[in-house]
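Q: Encoded as structure tokens, here's the structure I'll be asking about.
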Amino acid sequence: MTAPILITGGTGTLGRLIVPLLHQAGHPVRTLGRTPHQHDLDGVEHITADINASTRDTGGGLDAALTGVHTVIHCAGSAKGDDDLARTLVRAARKAGVRHLVHISVVGADRVPVVSRVDRAMFGYFAAKHAAEHVITGSGIPWTILRATQFHDWIWNTLHQLAKLPIMTTWRGVRFQPVDTGEVAARLAELALAGPAGLVPDLGGPRVHRMEDLARDYLRATGRHRLVLPVKTPGTAAAAFRAGANLTTDALDQPTDQPTGRRTWQDHLTQRTTRQ
Ligand SMILES: NC(=O)c1ccc[n+]([C@@H]2O[C@H](COP(=O)([O-])OP(=O)(O)OC[C@H]3O[C@@H](n4cnc5c(N)ncnc54)[C@H](OP(=O)(O)O)[C@@H]3O)[C@@H](O)[C@H]2O)c1
């Protein structure tokens, strides 16, 4: 019998898009998340467990989720603590005999210095993602790491939050290279099936946008009216962002063989607004 592929965070924005791809490729799939979930695809099961809680309850749900699994795609994550999640997962995965750990990280994980309290408050996520990468690479389990730029969905959700106030403050001088979440999912599925590959080329979206332009696009697409106010963000991490640390090197005019997403931010806005 084919071993199931475990997708941690397989109910999240990214993970849930990987599920049907692996299913269509004929693989049994298991997802893991803290919230109970029922998949409507045959051969896809969900295990409800908190990876963090697994340190206290000596494995529990996480151990059950890893039983018989050779490949894990690790998409569980949040704004904080991805390094702790990776540590707990790696401990359990080693015990379970996992042969391939696929990890999603973020472009700039190694280029956004988090040195002060201000940096940590705003960009601590990048330090945690970098620490998580170290946990994976030092795990002794064969691994693949893909760094992606910000997903269209994340940009949309962030702007949606910012638009709740009458003035939308954006980060002056900061650009984003949003990528389609489905394209990241497809790349992760491909990598998981191909076997351990180490750090693979970064995946970013097709265009680079100033944050204030993304905000204005969002407002136009949703028919809202807000004053957009770009404000300079303090700190070393913010300066690295202004220098483009969150963009792929191709986007920074240092051409490599990096794959580039095809779907644009405009495509995403069209899809969102015609769905509403
Ligand atoms: N969003 C972006 O722009 C972006 C860019 C580059 C990389 N990434 C990375 O991509 C990954 C997925 O991001 P996403 O946007 O899909 O996040 P998301 O929508 O917030 O989904 C997170 C998933 O992880 C699960 N999860 C969170 N904490 C968990 C825990 N302690 N134990 C078990 N499951 C847990 C959640 O399910 P429950 O809530 O039910 O537990 C959910 O399924 C993250 O590692 C993120 O850092 C994101």
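Within each chain, counting starts at residue 1; across the structure tokens, chains are named A, B, ... in the order shown, with ligands numbered 1 upward in that order.
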Write out as an NGL selection string which residues come within 12 Å of region 77-80 of chain A when counting only C-alpha atoms, dropping same-chain ones fewer than 4 positions away.
A: :A and (7-15 or 32-34 or 50-52 or 73 or 84-86 or 89 or 103-106 or 120-129 or 131-132 or 154)
Q: So that I can see what lies close to region 18-21 of chain A, please list as a compact mmCIF listing (two decimals) with N, CA and C atoms, in the first residue's frame the residues with an atom at most 10 Å from it, counting only C-alpha atoms and leaving out residues fewer than 6 positions away in the same chain.
A:
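Result went into selection-v1.txt, see below:
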# COMPACT_ATOMS: atom_id res chain seq x y z
N ILE A 5 0.89 10.71 2.49
CA ILE A 5 1.71 11.92 2.64
C ILE A 5 1.01 12.80 3.66
N LEU A 6 1.76 13.22 4.66
CA LEU A 6 1.17 14.07 5.70
C LEU A 6 1.39 15.54 5.35
N ILE A 7 0.30 16.31 5.37
CA ILE A 7 0.41 17.76 5.18
C ILE A 7 0.04 18.41 6.51
N GLY A 10 -2.74 21.21 6.65
CA GLY A 10 -3.39 20.85 5.39
C GLY A 10 -4.81 21.38 5.25
N THR A 11 -5.25 22.17 6.24
CA THR A 11 -6.55 22.84 6.12
C THR A 11 -6.37 24.34 5.95
N GLY A 12 -5.11 24.80 5.95
CA GLY A 12 -4.84 26.25 5.87
C GLY A 12 -4.92 26.76 4.44
N HIS A 27 -2.14 9.64 -4.50
CA HIS A 27 -1.54 9.39 -3.18
C HIS A 27 -2.55 9.53 -2.05
N PRO A 28 -2.52 8.58 -1.10
CA PRO A 28 -3.32 8.80 0.10
C PRO A 28 -2.75 10.02 0.84
N VAL A 29 -3.63 10.85 1.38
CA VAL A 29 -3.19 12.09 2.03
C VAL A 29 -3.77 12.16 3.44
N ARG A 30 -2.95 12.66 4.35
CA ARG A 30 -3.41 12.90 5.72
C ARG A 30 -3.11 14.36 6.03
N THR A 31 -4.05 15.03 6.65
CA THR A 31 -3.78 16.41 7.05
C THR A 31 -3.78 16.49 8.58
N HIS A 39 -12.69 15.87 5.31
CA HIS A 39 -12.44 16.02 3.88
C HIS A 39 -13.50 15.27 3.09
N LEU A 41 -12.92 13.96 0.10
CA LEU A 41 -12.25 13.15 -0.93
C LEU A 41 -11.91 11.79 -0.33
N VAL A 44 -8.49 10.67 1.83
CA VAL A 44 -7.92 11.84 2.52
C VAL A 44 -8.52 11.90 3.92
N ILE A 73 4.80 17.26 4.29
CA ILE A 73 4.86 18.64 3.78
C ILE A 73 4.44 19.52 4.95
N CYS A 75 3.29 22.63 6.42
CA CYS A 75 2.68 23.94 6.13
C CYS A 75 2.04 24.55 7.38
N THR A 181 -1.22 31.57 -4.38
CA THR A 181 -1.08 30.48 -3.40
C THR A 181 -1.18 29.11 -4.10
N GLY A 182 -2.02 29.03 -5.11
CA GLY A 182 -2.17 27.76 -5.85
C GLY A 182 -0.88 27.36 -6.55
N GLU A 183 -0.14 28.35 -7.04
CA GLU A 183 1.12 28.02 -7.71
C GLU A 183 2.16 27.53 -6.71
N VAL A 184 2.13 28.09 -5.51
CA VAL A 184 3.05 27.60 -4.46
C VAL A 184 2.66 26.17 -4.08
N ALA A 185 1.35 25.94 -3.97
CA ALA A 185 0.87 24.59 -3.63
C ALA A 185 1.32 23.58 -4.69
N ALA A 186 1.19 23.95 -5.96
CA ALA A 186 1.58 23.03 -7.05
C ALA A 186 3.07 22.72 -6.98
N ARG A 187 3.86 23.73 -6.68
CA ARG A 187 5.32 23.52 -6.60
C ARG A 187 5.67 22.60 -5.42
N LEU A 188 4.99 22.79 -4.29
CA LEU A 188 5.26 21.94 -3.12
C LEU A 188 4.87 20.49 -3.40
N ALA A 189 3.74 20.30 -4.08
CA ALA A 189 3.30 18.94 -4.41
C ALA A 189 4.35 18.28 -5.31
N GLU A 190 4.83 19.03 -6.29
CA GLU A 190 5.84 18.51 -7.21
C GLU A 190 7.12 18.14 -6.44
Q: Which of region 169-254 of chain A end up as alpha helix (DSSP H) when DSSP is run on this backbone - answer as a ChimeraX atom specification?
A: /A:181-194,211-222,236-242
Q: If we count only C-alpha atoms, what is near region 211-224 of chain A at a cut-off of 10 Å, once residues fewer than 3 positions away on the same chain are taken out, given as a VMD selection string?
A: chain A and resid 155 to 156 158 to 160 162 to 163 168 to 178 208 227 to 231 265 to 266 269 to 270 272 to 274 276
Q: Between A:Lys95, A:His225, A:His152, A:His134, which residue has the minimum interatomic distance to ligand 1, considering only C-alpha atoms and all ligand atoms?
A: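 Looking at the shortest contact to ligand 1, the residue is A:His152.
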Q: Between A:Ala76, A:Val114, A:Ala192, A:Ile145, which is the closest to Pro4 (chain A) once you count only C-alpha atoms?
A: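 Using only C-alpha atoms, the shortest distance to Pro4 (chain A) belongs to A:Ala192.
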Q: Given only C-alpha atoms as the basis, pick out the residue of A:His37, A:His70, A:His209, A:Arg117 nearest to Val98 (chain A).
A: A:His70
Q: Mind the document's chain letters and residue numbers, and return as a ChimeraX atom specification the residues of region 123-182 of chain A that DSSP labels strand (DSSP E or B).
A: /A:143-148,151,167-171,175-176,179
Q: Mind checking which residues fall within 12 Å of Asp250 (chain A), counting only C-alpha atoms, ignoring those fewer than 2 positions away in the same chain, and posting them as a PyMOL selection string?
A: chain A and resi 107+177+201-208+244-248+252-261
Q: Go ahead and save the residues from that selection, with N, CA and C atoms, as an mmCIF file, in the first residue's frame.
A:
data_model
loop_
_atom_site.group_PDB
_atom_site.id
_atom_site.type_symbol
_atom_site.label_atom_id
_atom_site.label_comp_id
_atom_site.auth_asym_id
_atom_site.auth_seq_id
_atom_site.Cartn_x
_atom_site.Cartn_y
_atom_site.Cartn_z
ATOM 1 N N VAL A 107 10.715 33.985 1.434
ATOM 2 C CA VAL A 107 11.832 34.710 0.822
ATOM 3 C C VAL A 107 12.253 35.828 1.780
ATOM 4 N N GLN A 177 6.116 41.221 -3.840
ATOM 5 C CA GLN A 177 6.090 40.452 -5.101
ATOM 6 C C GLN A 177 5.101 39.302 -4.899
ATOM 7 N N PRO A 201 15.266 26.792 -5.667
ATOM 8 C CA PRO A 201 15.142 28.213 -6.011
ATOM 9 C C PRO A 201 13.839 28.826 -5.474
ATOM 10 N N ASP A 202 13.963 30.075 -5.040
ATOM 11 C CA ASP A 202 12.812 30.795 -4.477
ATOM 12 C C ASP A 202 11.692 30.912 -5.505
ATOM 13 N N LEU A 203 10.466 31.002 -4.991
ATOM 14 C CA LEU A 203 9.310 31.206 -5.877
ATOM 15 C C LEU A 203 8.635 32.529 -5.523
ATOM 16 N N GLY A 204 8.575 33.421 -6.488
ATOM 17 C CA GLY A 204 7.921 34.717 -6.272
ATOM 18 C C GLY A 204 6.911 34.976 -7.364
ATOM 19 N N GLY A 205 6.106 35.990 -7.175
ATOM 20 C CA GLY A 205 5.107 36.353 -8.165
ATOM 21 C C GLY A 205 5.728 37.061 -9.361
ATOM 22 N N PRO A 206 4.912 37.311 -10.419
ATOM 23 C CA PRO A 206 5.452 37.849 -11.662
ATOM 24 C C PRO A 206 5.807 39.342 -11.625
ATOM 25 N N ARG A 207 5.236 40.081 -10.639
ATOM 26 C CA ARG A 207 5.477 41.529 -10.622
ATOM 27 C C ARG A 207 5.774 42.028 -9.215
ATOM 28 N N VAL A 208 6.488 43.146 -9.171
ATOM 29 C CA VAL A 208 6.802 43.791 -7.892
ATOM 30 C C VAL A 208 5.957 45.056 -7.798
ATOM 31 N N GLY A 244 14.588 45.500 -0.360
ATOM 32 C CA GLY A 244 14.105 44.411 -1.216
ATOM 33 C C GLY A 244 14.426 43.002 -0.712
ATOM 34 N N ALA A 245 14.697 42.865 0.601
ATOM 35 C CA ALA A 245 15.064 41.544 1.140
ATOM 36 C C ALA A 245 13.951 40.516 0.985
ATOM 37 N N ASN A 246 12.721 40.989 0.817
ATOM 38 C CA ASN A 246 11.572 40.076 0.688
ATOM 39 C C ASN A 246 11.259 39.730 -0.768
ATOM 40 N N LEU A 247 12.123 40.181 -1.688
ATOM 41 C CA LEU A 247 11.886 39.921 -3.115
ATOM 42 C C LEU A 247 12.868 38.866 -3.614
ATOM 43 N N THR A 248 12.479 38.122 -4.652
ATOM 44 C CA THR A 248 13.417 37.137 -5.205
ATOM 45 C C THR A 248 14.560 37.887 -5.887
ATOM 46 N N LEU A 252 15.137 41.466 -8.199
ATOM 47 C CA LEU A 252 16.110 42.500 -7.854
ATOM 48 C C LEU A 252 17.143 42.679 -8.975
ATOM 49 N N ASP A 253 16.806 42.188 -10.156
ATOM 50 C CA ASP A 253 17.686 42.333 -11.324
ATOM 51 C C ASP A 253 18.983 41.565 -11.198
ATOM 52 N N GLN A 254 18.903 40.411 -10.540
ATOM 53 C CA GLN A 254 20.070 39.531 -10.514
ATOM 54 C C GLN A 254 19.585 38.193 -11.063
ATOM 55 N N PRO A 255 19.409 38.095 -12.387
ATOM 56 C CA PRO A 255 18.748 36.939 -12.972
ATOM 57 C C PRO A 255 19.387 35.599 -12.594
ATOM 58 N N THR A 256 18.535 34.665 -12.216
ATOM 59 C CA THR A 256 18.948 33.286 -11.951
ATOM 60 C C THR A 256 17.944 32.406 -12.681
ATOM 61 N N ASP A 257 17.937 31.131 -12.331
ATOM 62 C CA ASP A 257 16.943 30.265 -12.981
ATOM 63 C C ASP A 257 15.713 30.091 -12.091
ATOM 64 N N GLN A 258 15.424 31.103 -11.253
ATOM 65 C CA GLN A 258 14.278 30.984 -10.356
ATOM 66 C C GLN A 258 12.976 30.863 -11.147
ATOM 67 N N PRO A 259 12.105 29.929 -10.715
ATOM 68 C CA PRO A 259 10.789 29.897 -11.354
ATOM 69 C C PRO A 259 9.996 31.122 -10.919
ATOM 70 N N THR A 260 9.101 31.590 -11.770
ATOM 71 C CA THR A 260 8.297 32.759 -11.418
ATOM 72 C C THR A 260 6.830 32.410 -11.555
ATOM 73 N N GLY A 261 6.045 32.863 -10.575
ATOM 74 C CA GLY A 261 4.611 32.654 -10.666
ATOM 75 C C GLY A 261 4.053 33.376 -11.885
#
Q: When you count only C-alpha atoms and all ligand atoms, which of these residues is closest to ligand 1: A:Pro113, A:Gly108, A:Gly198, A:Gly97?
A: A:Gly108
Q: Find the spatial neighbours of Leu62 (chain A), counting only C-alpha atoms, within a cut-off of 9 Å - ignore same-chain residues fewer than 2 positions away - and output them as a list in words.
A: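 Residues near the query, excluding close chain neighbours: Leu32, Ile47, Thr48, Ala49, Asp50, Ile51, Ser54, Gly59, Gly60, Ala64, Ala65, Leu66, Thr67, Leu89, Ala92 and Ala93 of chain A.
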Q: Please produce a file of those selected residues containing C-alpha atoms, as a PDB file, in the first residue's frame.
A:
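Done, and the output landed in again_13.pdb:
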ATOM      1  CA  LEU A  32      -3.030  17.704  10.537  1.00  0.00           C
ATOM      2  CA  ILE A  47      -6.042  14.188  12.304  1.00  0.00           C
ATOM      3  CA  THR A  48      -6.849  16.804  14.894  1.00  0.00           C
ATOM      4  CA  ALA A  49      -3.820  17.662  17.014  1.00  0.00           C
ATOM      5  CA  ASP A  50      -1.835  20.650  18.176  1.00  0.00           C
ATOM      6  CA  ILE A  51       1.823  20.184  17.272  1.00  0.00           C
ATOM      7  CA  SER A  54       2.583  17.282  21.481  1.00  0.00           C
ATOM      8  CA  GLY A  59       3.304  12.830  20.974  1.00  0.00           C
ATOM      9  CA  GLY A  60      -0.348  11.877  20.990  1.00  0.00           C
ATOM     10  CA  ALA A  64      -0.663   9.068  15.159  1.00  0.00           C
ATOM     11  CA  ALA A  65      -0.516  11.453  12.198  1.00  0.00           C
ATOM     12  CA  LEU A  66       3.053  10.351  11.387  1.00  0.00           C
ATOM     13  CA  THR A  67       2.379   6.616  11.531  1.00  0.00           C
ATOM     14  CA  LEU A  89       7.647  18.037  14.380  1.00  0.00           C
ATOM     15  CA  ALA A  92       8.395  13.115  16.235  1.00  0.00           C
ATOM     16  CA  ALA A  93       9.262  12.667  12.530  1.00  0.00           C
TER      17      ALA A  93
END
Q: Provide the CA of Gly140 (chain A) to CA of Val200 (chain A) distance in Å, to one decimal place.
A: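 We find that CA of Gly140 (chain A) and CA of Val200 (chain A) lie 17.9 Å from each other.
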Q: Residues within 8 Å of Asp119 (chain A), please, as a VMD selection string. Count only C-alpha atoms; anything in the same chain fewer than 6 positions from it doesn't count.
A: chain A and resid 113 235 to 238
